[in-house]
>>> print(open('work_8.pdb').read())   # PDB, C-alpha atoms, pLDDT in the B column
MODEL        1
ATOM      1  CA  MET A  21     -12.071  13.895  -2.737  1.00 79.00           C
ATOM      2  CA  SER A  22     -11.396  12.469   0.708  1.00 94.00           C
ATOM      3  CA  LEU A  23      -7.934  11.293   1.747  1.00 96.00           C
ATOM      4  CA  VAL A  24      -9.071   7.670   1.639  1.00 97.00           C
ATOM      5  CA  GLN A  25     -10.450   8.105  -1.879  1.00 97.00           C
ATOM      6  CA  GLU A  26      -7.222   9.813  -2.976  1.00 96.00           C
ATOM      7  CA  TYR A  27      -5.182   6.945  -1.530  1.00 96.00           C
ATOM      8  CA  LEU A  28      -7.349   4.366  -3.300  1.00 96.00           C
ATOM      9  CA  SER A  29      -7.056   6.241  -6.584  1.00 95.00           C
ATOM     10  CA  LEU A  30      -3.251   6.336  -6.289  1.00 95.00           C
ATOM     11  CA  VAL A  31      -2.905   2.662  -5.391  1.00 94.00           C
ATOM     12  CA  ILE A  32      -5.237   1.624  -8.227  1.00 92.00           C
ATOM     13  CA  ASP A  33      -3.031   3.594 -10.633  1.00 88.00           C
ATOM     14  CA  ILE A  34      -0.003   1.708  -9.319  1.00 87.00           C
ATOM     15  CA  VAL A  35      -1.461  -1.799  -9.366  1.00 85.00           C
ATOM     16  CA  SER A  36      -3.327  -1.312 -12.657  1.00 80.00           C
ATOM     17  CA  PRO A  37      -0.974   0.920 -14.652  1.00 65.00           C
ATOM     18  CA  LYS A  38      -1.937   2.341 -18.000  1.00 63.00           C
ATOM     19  CA  GLU A  39      -0.431   0.569 -20.962  1.00 57.00           C
ATOM     20  CA  PHE A  40       3.278   1.313 -21.110  1.00 54.00           C
ATOM     21  CA  SER A  41       4.231   3.200 -24.254  1.00 55.00           C
ATOM     22  CA  GLU A  42       7.657   3.047 -25.857  1.00 52.00           C
ATOM     23  CA  LYS A  43       7.485   6.834 -25.980  1.00 53.00           C
ATOM     24  CA  VAL A  44       7.418   6.969 -22.201  1.00 57.00           C
ATOM     25  CA  TYR A  45      10.883   6.751 -20.733  1.00 57.00           C
ATOM     26  CA  PHE A  46      11.370   4.245 -17.950  1.00 61.00           C
ATOM     27  CA  ALA A  47      12.884   6.947 -15.718  1.00 62.00           C
ATOM     28  CA  ASP A  48       9.735   9.064 -16.081  1.00 70.00           C
ATOM     29  CA  PHE A  49       7.550   6.046 -15.315  1.00 72.00           C
ATOM     30  CA  THR A  50       9.617   5.245 -12.204  1.00 81.00           C
ATOM     31  CA  LYS A  51       9.598   8.860 -11.037  1.00 85.00           C
ATOM     32  CA  GLU A  52       5.798   9.008 -11.317  1.00 85.00           C
ATOM     33  CA  HIS A  53       5.445   5.653  -9.527  1.00 86.00           C
ATOM     34  CA  ASN A  54       7.675   6.835  -6.669  1.00 90.00           C
ATOM     35  CA  ARG A  55       5.725  10.099  -6.396  1.00 94.00           C
ATOM     36  CA  LYS A  56       2.479   8.143  -5.992  1.00 94.00           C
ATOM     37  CA  VAL A  57       3.966   5.789  -3.400  1.00 95.00           C
ATOM     38  CA  THR A  58       5.331   8.724  -1.389  1.00 96.00           C
ATOM     39  CA  ARG A  59       1.935  10.436  -1.463  1.00 97.00           C
ATOM     40  CA  MET A  60       0.195   7.220  -0.353  1.00 97.00           C
ATOM     41  CA  ARG A  61       2.473   6.934   2.674  1.00 97.00           C
ATOM     42  CA  ARG A  62       1.906  10.599   3.526  1.00 98.00           C
ATOM     43  CA  ILE A  63      -1.859  10.087   3.338  1.00 98.00           C
ATOM     44  CA  ALA A  64      -1.608   7.151   5.770  1.00 98.00           C
ATOM     45  CA  GLU A  65       0.529   9.280   8.112  1.00 97.00           C
ATOM     46  CA  GLU A  66      -1.875  12.200   7.829  1.00 97.00           C
ATOM     47  CA  ILE A  67      -4.843   9.983   8.677  1.00 97.00           C
ATOM     48  CA  GLU A  68      -2.959   8.630  11.686  1.00 97.00           C
ATOM     49  CA  LEU A  69      -1.901  12.031  12.988  1.00 96.00           C
ATOM     50  CA  ARG A  70      -4.615  14.471  11.925  1.00 97.00           C
ATOM     51  CA  TYR A  71      -7.721  12.566  10.830  1.00 96.00           C
ATOM     52  CA  PRO A  72      -8.148   9.498  13.061  1.00 95.00           C
ATOM     53  CA  GLU A  73     -11.847   9.460  12.198  1.00 96.00           C
ATOM     54  CA  LEU A  74     -10.823   8.204   8.723  1.00 96.00           C
ATOM     55  CA  LYS A  75      -8.808   5.283  10.058  1.00 96.00           C
ATOM     56  CA  SER A  76     -11.721   2.866  10.111  1.00 96.00           C
ATOM     57  CA  GLU A  77     -12.556   3.644   6.471  1.00 97.00           C
ATOM     58  CA  PHE A  78      -8.874   3.250   5.553  1.00 97.00           C
ATOM     59  CA  CYS A  79      -8.607  -0.106   7.320  1.00 97.00           C
ATOM     60  CA  LYS A  80     -11.687  -1.414   5.501  1.00 97.00           C
ATOM     61  CA  MET A  81      -9.535  -1.445   2.368  1.00 97.00           C
ATOM     62  CA  LEU A  82      -7.824  -4.529   3.852  1.00 97.00           C
ATOM     63  CA  SER A  83     -10.772  -6.433   2.419  1.00 96.00           C
ATOM     64  CA  HIS A  84     -10.763  -4.699  -0.973  1.00 97.00           C
ATOM     65  CA  GLU A  85     -11.358  -7.004  -3.951  1.00 96.00           C
ATOM     66  CA  ASN A  86      -8.026  -5.969  -5.487  1.00 94.00           C
ATOM     67  CA  ALA A  87      -5.079  -7.799  -3.884  1.00 94.00           C
ATOM     68  CA  GLY A  88      -2.746  -4.954  -4.855  1.00 93.00           C
ATOM     69  CA  VAL A  89      -4.810  -2.529  -2.799  1.00 96.00           C
ATOM     70  CA  ARG A  90      -4.826  -4.906   0.171  1.00 97.00           C
ATOM     71  CA  ILE A  91      -1.041  -5.317   0.231  1.00 97.00           C
ATOM     72  CA  TRP A  92      -0.320  -1.578   0.118  1.00 97.00           C
ATOM     73  CA  VAL A  93      -2.897  -0.884   2.825  1.00 98.00           C
ATOM     74  CA  ALA A  94      -1.472  -3.696   4.967  1.00 98.00           C
ATOM     75  CA  HIS A  95       2.006  -2.220   4.794  1.00 97.00           C
ATOM     76  CA  HIS A  96       0.881   1.297   5.595  1.00 97.00           C
ATOM     77  CA  ILE A  97      -1.246   0.128   8.514  1.00 98.00           C
ATOM     78  CA  LEU A  98       1.697  -1.721  10.038  1.00 97.00           C
ATOM     79  CA  GLU A  99       4.342   0.853   9.218  1.00 96.00           C
ATOM     80  CA  VAL A 100       2.649   4.155  10.087  1.00 96.00           C
ATOM     81  CA  MET A 101      -0.585   3.552  11.989  1.00 97.00           C
ATOM     82  CA  ASN A 102      -1.537   2.514  15.486  1.00 95.00           C
ATOM     83  CA  CYS A 103      -4.390   0.062  15.081  1.00 95.00           C
ATOM     84  CA  ASP A 104      -5.954  -2.543  17.275  1.00 94.00           C
ATOM     85  CA  LYS A 105      -4.544  -6.053  17.384  1.00 96.00           C
ATOM     86  CA  SER A 106      -7.149  -7.587  15.077  1.00 96.00           C
ATOM     87  CA  ILE A 107      -6.432  -5.057  12.301  1.00 97.00           C
ATOM     88  CA  LYS A 108      -2.685  -5.644  12.655  1.00 96.00           C
ATOM     89  CA  LYS A 109      -3.235  -9.418  12.474  1.00 97.00           C
ATOM     90  CA  THR A 110      -5.287  -9.027   9.304  1.00 97.00           C
ATOM     91  CA  ALA A 111      -2.592  -6.831   7.751  1.00 97.00           C
ATOM     92  CA  LEU A 112       0.138  -9.329   8.638  1.00 97.00           C
ATOM     93  CA  ARG A 113      -1.962 -12.194   7.301  1.00 97.00           C
ATOM     94  CA  GLU A 114      -2.242 -10.399   3.950  1.00 97.00           C
ATOM     95  CA  ILE A 115       1.515  -9.867   3.732  1.00 97.00           C
ATOM     96  CA  ARG A 116       2.217 -13.472   4.786  1.00 97.00           C
ATOM     97  CA  TYR A 117      -0.186 -14.743   2.137  1.00 96.00           C
ATOM     98  CA  VAL A 118       1.656 -12.862  -0.620  1.00 96.00           C
ATOM     99  CA  ALA A 119       5.021 -14.000   0.754  1.00 96.00           C
ATOM    100  CA  GLU A 120       3.903 -17.633   0.689  1.00 96.00           C
ATOM    101  CA  THR A 121       2.002 -17.725  -2.601  1.00 95.00           C
ATOM    102  CA  ASP A 122       3.567 -15.168  -4.949  1.00 93.00           C
ATOM    103  CA  LYS A 123       6.521 -16.771  -6.720  1.00 92.00           C
ATOM    104  CA  THR A 124       7.660 -13.480  -8.285  1.00 91.00           C
ATOM    105  CA  ALA A 125      10.027 -10.844  -6.937  1.00 92.00           C
ATOM    106  CA  ASN A 126       7.053  -9.362  -5.067  1.00 90.00           C
ATOM    107  CA  GLY A 127       6.658 -12.503  -2.993  1.00 93.00           C
ATOM    108  CA  PHE A 128      10.376 -12.592  -2.273  1.00 94.00           C
ATOM    109  CA  GLY A 129      10.235  -8.935  -1.237  1.00 94.00           C
ATOM    110  CA  GLU A 130       7.411  -9.685   1.185  1.00 95.00           C
ATOM    111  CA  LYS A 131       9.449 -12.540   2.695  1.00 94.00           C
ATOM    112  CA  LEU A 132      12.318 -10.116   3.312  1.00 95.00           C
ATOM    113  CA  TRP A 133       9.946  -7.528   4.730  1.00 95.00           C
ATOM    114  CA  LEU A 134       8.480 -10.093   7.148  1.00 94.00           C
ATOM    115  CA  LYS A 135      11.944 -11.186   8.243  1.00 92.00           C
ATOM    116  CA  ASP A 136      12.816  -7.562   9.058  1.00 92.00           C
ATOM    117  CA  TRP A 137       9.434  -6.999  10.731  1.00 89.00           C
ATOM    118  CA  TYR A 138       9.931  -9.860  13.178  1.00 83.00           C
TER     119      TYR A 138
ENDMDL
END
>>> encode(input="work_8.pdb", output="structure tokens")
Amino acid sequence: MSLVQEYLSLVIDIVSPKEFSEKVYFADFTKEHNRKVTRMRRIAEEIELRYPELKSEFCKMLSHENAGVRIWVAHHILEVMNCDKSIKKTALREIRYVAETDKTANGFGEKLWLKDWY
């Protein structure tokens, strides 16, 4: 499995979690979630530093059909990758869209992130 495929698999697990069972402790669920997020960031860093030939494939996920995939990719592009201006603009546009339209805690979090970014 390529790094980009591994990243996509991890993010899909996060944005489309399996049904939560009462037998699963919240702490275990959170620990697993955090492990996946950490690995996703490391994959983005690894692509940036060691496998720049995968960057174009990674950035294509900014137009993925799943909005959850797009938002994670947008953050990792802006936070750990050096990309051209048009890619950065697309990533920022995705984050702005969520900040403006999502009325949940996620949208609020994106507003805070944007405030810190600027």
>>> resolve_selection(input="work_8.pdb", expression="the PyMOL selection byres ((chain A and resi 113-130) around 9)", output="PDB file with C-alpha atoms, keeping the file's coordinate frame")
ATOM      1  CA  LEU A  82      -7.824  -4.529   3.852  1.00 97.00           C
ATOM      2  CA  ALA A  87      -5.079  -7.799  -3.884  1.00 94.00           C
ATOM      3  CA  ARG A  90      -4.826  -4.906   0.171  1.00 97.00           C
ATOM      4  CA  ILE A  91      -1.041  -5.317   0.231  1.00 97.00           C
ATOM      5  CA  ALA A  94      -1.472  -3.696   4.967  1.00 98.00           C
ATOM      6  CA  HIS A  95       2.006  -2.220   4.794  1.00 97.00           C
ATOM      7  CA  LYS A 108      -2.685  -5.644  12.655  1.00 96.00           C
ATOM      8  CA  LYS A 109      -3.235  -9.418  12.474  1.00 97.00           C
ATOM      9  CA  THR A 110      -5.287  -9.027   9.304  1.00 97.00           C
ATOM     10  CA  ALA A 111      -2.592  -6.831   7.751  1.00 97.00           C
ATOM     11  CA  LEU A 112       0.138  -9.329   8.638  1.00 97.00           C
ATOM     12  CA  LYS A 131       9.449 -12.540   2.695  1.00 94.00           C
ATOM     13  CA  LEU A 132      12.318 -10.116   3.312  1.00 95.00           C
ATOM     14  CA  TRP A 133       9.946  -7.528   4.730  1.00 95.00           C
ATOM     15  CA  LEU A 134       8.480 -10.093   7.148  1.00 94.00           C
ATOM     16  CA  LYS A 135      11.944 -11.186   8.243  1.00 92.00           C
TER      17      LYS A 135
END
>>> atom_distance(input="work_8.pdb", atom1="CA of Ser76 in chain A", atom2="CA of Trp92 in chain A")
15.8 Å
>>> resolve_selection(input="work_8.pdb", expression="the PyMOL selection byres ((chain A and resi 52-61) around 9)", output="PyMOL selection string")
chain A and resi 26-28+30-31+33-34+47-51+62-66+92+96+100
>>> atom_distance(input="work_8.pdb", atom1="CA of Met101 in chain A", atom2="CA of Leu23 in chain A")
14.8 Å
>>> atom_distance(input="work_8.pdb", atom1="CA of Asn86 in chain A", atom2="CA of Cys103 in chain A")
21.7 Å
>>> residues_around(input="work_8.pdb", residues="Met81 in chain A", least_positions_apart="4", cutoff="8 Å", atoms="all atoms listed in the file", output="NGL selection string")
:A and (77 or 89-90 or 93)
>>> closest_residue(input="work_8.pdb", among="A:Leu98, A:Gly88, A:Ile107, A:Leu74", to="Tyr138 in chain A", atoms="all atoms listed in the file")
A:Leu98
>>> axis_aligned_box(input="work_8.pdb", around="range 102-115 of chain A", padding_each_side="8 Å", output="AutoDock Vina command-line options")
--center_x -2.8 --center_y -4.8 --center_z 10.6 --size_x 24.7 --size_y 30.7 --size_z 29.7
>>> closest_residue(input="work_8.pdb", among="A:Cys79, A:Ser36, A:Asn102, A:Tyr71", to="Ser22 in chain A", atoms="all atoms listed in the file")
A:Tyr71
>>> build_atoms(input="work_8.pdb", residues="range 48-59 of chain A", atoms="all heavy atoms", output="PDB file, in the frame of the given file")
ATOM      1  N   ASP A  48      10.935   8.270 -16.349  1.00 70.00           N
ATOM      2  CA  ASP A  48       9.735   9.064 -16.081  1.00 70.00           C
ATOM      3  C   ASP A  48       8.665   8.218 -15.416  1.00 70.00           C
ATOM      4  O   ASP A  48       7.981   8.662 -14.507  1.00 70.00           O
ATOM      5  CB  ASP A  48       9.180   9.665 -17.379  1.00 70.00           C
ATOM      6  CG  ASP A  48      10.092  10.732 -17.968  1.00 70.00           C
ATOM      7  OD1 ASP A  48      10.905  11.304 -17.217  1.00 70.00           O
ATOM      8  OD2 ASP A  48       9.994  10.977 -19.184  1.00 70.00           O
ATOM      9  N   PHE A  49       8.515   6.975 -15.886  1.00 72.00           N
ATOM     10  CA  PHE A  49       7.550   6.046 -15.315  1.00 72.00           C
ATOM     11  C   PHE A  49       7.890   5.780 -13.850  1.00 72.00           C
ATOM     12  O   PHE A  49       7.022   5.814 -12.974  1.00 72.00           O
ATOM     13  CB  PHE A  49       7.551   4.746 -16.120  1.00 72.00           C
ATOM     14  CG  PHE A  49       6.609   3.706 -15.603  1.00 72.00           C
ATOM     15  CD1 PHE A  49       5.257   3.758 -15.902  1.00 72.00           C
ATOM     16  CD2 PHE A  49       7.070   2.663 -14.810  1.00 72.00           C
ATOM     17  CE1 PHE A  49       4.376   2.797 -15.424  1.00 72.00           C
ATOM     18  CE2 PHE A  49       6.197   1.706 -14.320  1.00 72.00           C
ATOM     19  CZ  PHE A  49       4.855   1.775 -14.640  1.00 72.00           C
ATOM     20  N   THR A  50       9.162   5.528 -13.571  1.00 81.00           N
ATOM     21  CA  THR A  50       9.617   5.245 -12.204  1.00 81.00           C
ATOM     22  C   THR A  50       9.432   6.462 -11.309  1.00 81.00           C
ATOM     23  O   THR A  50       8.985   6.325 -10.164  1.00 81.00           O
ATOM     24  CB  THR A  50      11.094   4.807 -12.221  1.00 81.00           C
ATOM     25  OG1 THR A  50      11.203   3.655 -13.045  1.00 81.00           O
ATOM     26  CG2 THR A  50      11.598   4.484 -10.837  1.00 81.00           C
ATOM     27  N   LYS A  51       9.745   7.632 -11.816  1.00 85.00           N
ATOM     28  CA  LYS A  51       9.598   8.860 -11.037  1.00 85.00           C
ATOM     29  C   LYS A  51       8.133   9.071 -10.650  1.00 85.00           C
ATOM     30  O   LYS A  51       7.820   9.402  -9.509  1.00 85.00           O
ATOM     31  CB  LYS A  51      10.106  10.048 -11.852  1.00 85.00           C
ATOM     32  CG  LYS A  51      10.117  11.353 -11.129  1.00 85.00           C
ATOM     33  CD  LYS A  51      10.722  12.442 -12.009  1.00 85.00           C
ATOM     34  CE  LYS A  51      10.735  13.774 -11.312  1.00 85.00           C
ATOM     35  NZ  LYS A  51      11.291  14.824 -12.161  1.00 85.00           N
ATOM     36  N   GLU A  52       7.230   8.859 -11.585  1.00 85.00           N
ATOM     37  CA  GLU A  52       5.798   9.008 -11.317  1.00 85.00           C
ATOM     38  C   GLU A  52       5.318   7.957 -10.305  1.00 85.00           C
ATOM     39  O   GLU A  52       4.561   8.261  -9.388  1.00 85.00           O
ATOM     40  CB  GLU A  52       5.010   8.899 -12.625  1.00 85.00           C
ATOM     41  CG  GLU A  52       3.532   9.077 -12.468  1.00 85.00           C
ATOM     42  CD  GLU A  52       3.102  10.466 -12.021  1.00 85.00           C
ATOM     43  OE1 GLU A  52       3.915  11.407 -12.052  1.00 85.00           O
ATOM     44  OE2 GLU A  52       1.939  10.610 -11.602  1.00 85.00           O
ATOM     45  N   HIS A  53       5.782   6.727 -10.465  1.00 86.00           N
ATOM     46  CA  HIS A  53       5.445   5.653  -9.527  1.00 86.00           C
ATOM     47  C   HIS A  53       5.898   6.033  -8.116  1.00 86.00           C
ATOM     48  O   HIS A  53       5.122   5.926  -7.153  1.00 86.00           O
ATOM     49  CB  HIS A  53       6.115   4.348  -9.971  1.00 86.00           C
ATOM     50  CG  HIS A  53       5.957   3.228  -9.012  1.00 86.00           C
ATOM     51  ND1 HIS A  53       4.851   2.407  -8.992  1.00 86.00           N
ATOM     52  CD2 HIS A  53       6.762   2.792  -8.004  1.00 86.00           C
ATOM     53  CE1 HIS A  53       4.985   1.515  -8.027  1.00 86.00           C
ATOM     54  NE2 HIS A  53       6.133   1.728  -7.411  1.00 86.00           N
ATOM     55  N   ASN A  54       7.133   6.467  -7.980  1.00 90.00           N
ATOM     56  CA  ASN A  54       7.675   6.835  -6.669  1.00 90.00           C
ATOM     57  C   ASN A  54       6.918   8.008  -6.052  1.00 90.00           C
ATOM     58  O   ASN A  54       6.699   8.049  -4.840  1.00 90.00           O
ATOM     59  CB  ASN A  54       9.161   7.153  -6.776  1.00 90.00           C
ATOM     60  CG  ASN A  54       9.984   5.919  -7.061  1.00 90.00           C
ATOM     61  OD1 ASN A  54       9.520   4.789  -6.902  1.00 90.00           O
ATOM     62  ND2 ASN A  54      11.210   6.125  -7.510  1.00 90.00           N
ATOM     63  N   ARG A  55       6.495   8.960  -6.891  1.00 94.00           N
ATOM     64  CA  ARG A  55       5.725  10.099  -6.396  1.00 94.00           C
ATOM     65  C   ARG A  55       4.398   9.611  -5.803  1.00 94.00           C
ATOM     66  O   ARG A  55       3.984  10.041  -4.730  1.00 94.00           O
ATOM     67  CB  ARG A  55       5.458  11.097  -7.529  1.00 94.00           C
ATOM     68  CG  ARG A  55       4.711  12.353  -7.069  1.00 94.00           C
ATOM     69  CD  ARG A  55       4.173  13.171  -8.232  1.00 94.00           C
ATOM     70  NE  ARG A  55       3.169  12.482  -9.014  1.00 94.00           N
ATOM     71  CZ  ARG A  55       1.890  12.295  -8.643  1.00 94.00           C
ATOM     72  NH1 ARG A  55       1.467  12.728  -7.477  1.00 94.00           N
ATOM     73  NH2 ARG A  55       1.035  11.671  -9.435  1.00 94.00           N
ATOM     74  N   LYS A  56       3.750   8.678  -6.475  1.00 94.00           N
ATOM     75  CA  LYS A  56       2.479   8.143  -5.992  1.00 94.00           C
ATOM     76  C   LYS A  56       2.661   7.377  -4.687  1.00 94.00           C
ATOM     77  O   LYS A  56       1.865   7.527  -3.750  1.00 94.00           O
ATOM     78  CB  LYS A  56       1.840   7.248  -7.048  1.00 94.00           C
ATOM     79  CG  LYS A  56       1.326   8.016  -8.247  1.00 94.00           C
ATOM     80  CD  LYS A  56       0.834   7.084  -9.329  1.00 94.00           C
ATOM     81  CE  LYS A  56       0.416   7.877 -10.555  1.00 94.00           C
ATOM     82  NZ  LYS A  56       0.026   7.005 -11.671  1.00 94.00           N
ATOM     83  N   VAL A  57       3.701   6.566  -4.613  1.00 95.00           N
ATOM     84  CA  VAL A  57       3.966   5.789  -3.400  1.00 95.00           C
ATOM     85  C   VAL A  57       4.247   6.718  -2.220  1.00 95.00           C
ATOM     86  O   VAL A  57       3.749   6.495  -1.111  1.00 95.00           O
ATOM     87  CB  VAL A  57       5.126   4.797  -3.628  1.00 95.00           C
ATOM     88  CG1 VAL A  57       5.570   4.153  -2.319  1.00 95.00           C
ATOM     89  CG2 VAL A  57       4.723   3.740  -4.644  1.00 95.00           C
ATOM     90  N   THR A  58       5.030   7.756  -2.451  1.00 96.00           N
ATOM     91  CA  THR A  58       5.331   8.724  -1.389  1.00 96.00           C
ATOM     92  C   THR A  58       4.060   9.401  -0.909  1.00 96.00           C
ATOM     93  O   THR A  58       3.841   9.555   0.293  1.00 96.00           O
ATOM     94  CB  THR A  58       6.341   9.779  -1.893  1.00 96.00           C
ATOM     95  OG1 THR A  58       7.558   9.115  -2.235  1.00 96.00           O
ATOM     96  CG2 THR A  58       6.613  10.845  -0.844  1.00 96.00           C
ATOM     97  N   ARG A  59       3.200   9.790  -1.837  1.00 97.00           N
ATOM     98  CA  ARG A  59       1.935  10.436  -1.463  1.00 97.00           C
ATOM     99  C   ARG A  59       1.042   9.469  -0.685  1.00 97.00           C
ATOM    100  O   ARG A  59       0.398   9.866   0.294  1.00 97.00           O
ATOM    101  CB  ARG A  59       1.215  10.970  -2.709  1.00 97.00           C
ATOM    102  CG  ARG A  59      -0.117  11.618  -2.420  1.00 97.00           C
ATOM    103  CD  ARG A  59       0.003  12.845  -1.546  1.00 97.00           C
ATOM    104  NE  ARG A  59      -1.330  13.351  -1.202  1.00 97.00           N
ATOM    105  CZ  ARG A  59      -1.655  13.862  -0.033  1.00 97.00           C
ATOM    106  NH1 ARG A  59      -0.745  14.011   0.917  1.00 97.00           N
ATOM    107  NH2 ARG A  59      -2.877  14.277   0.205  1.00 97.00           N
TER     108      ARG A  59
END
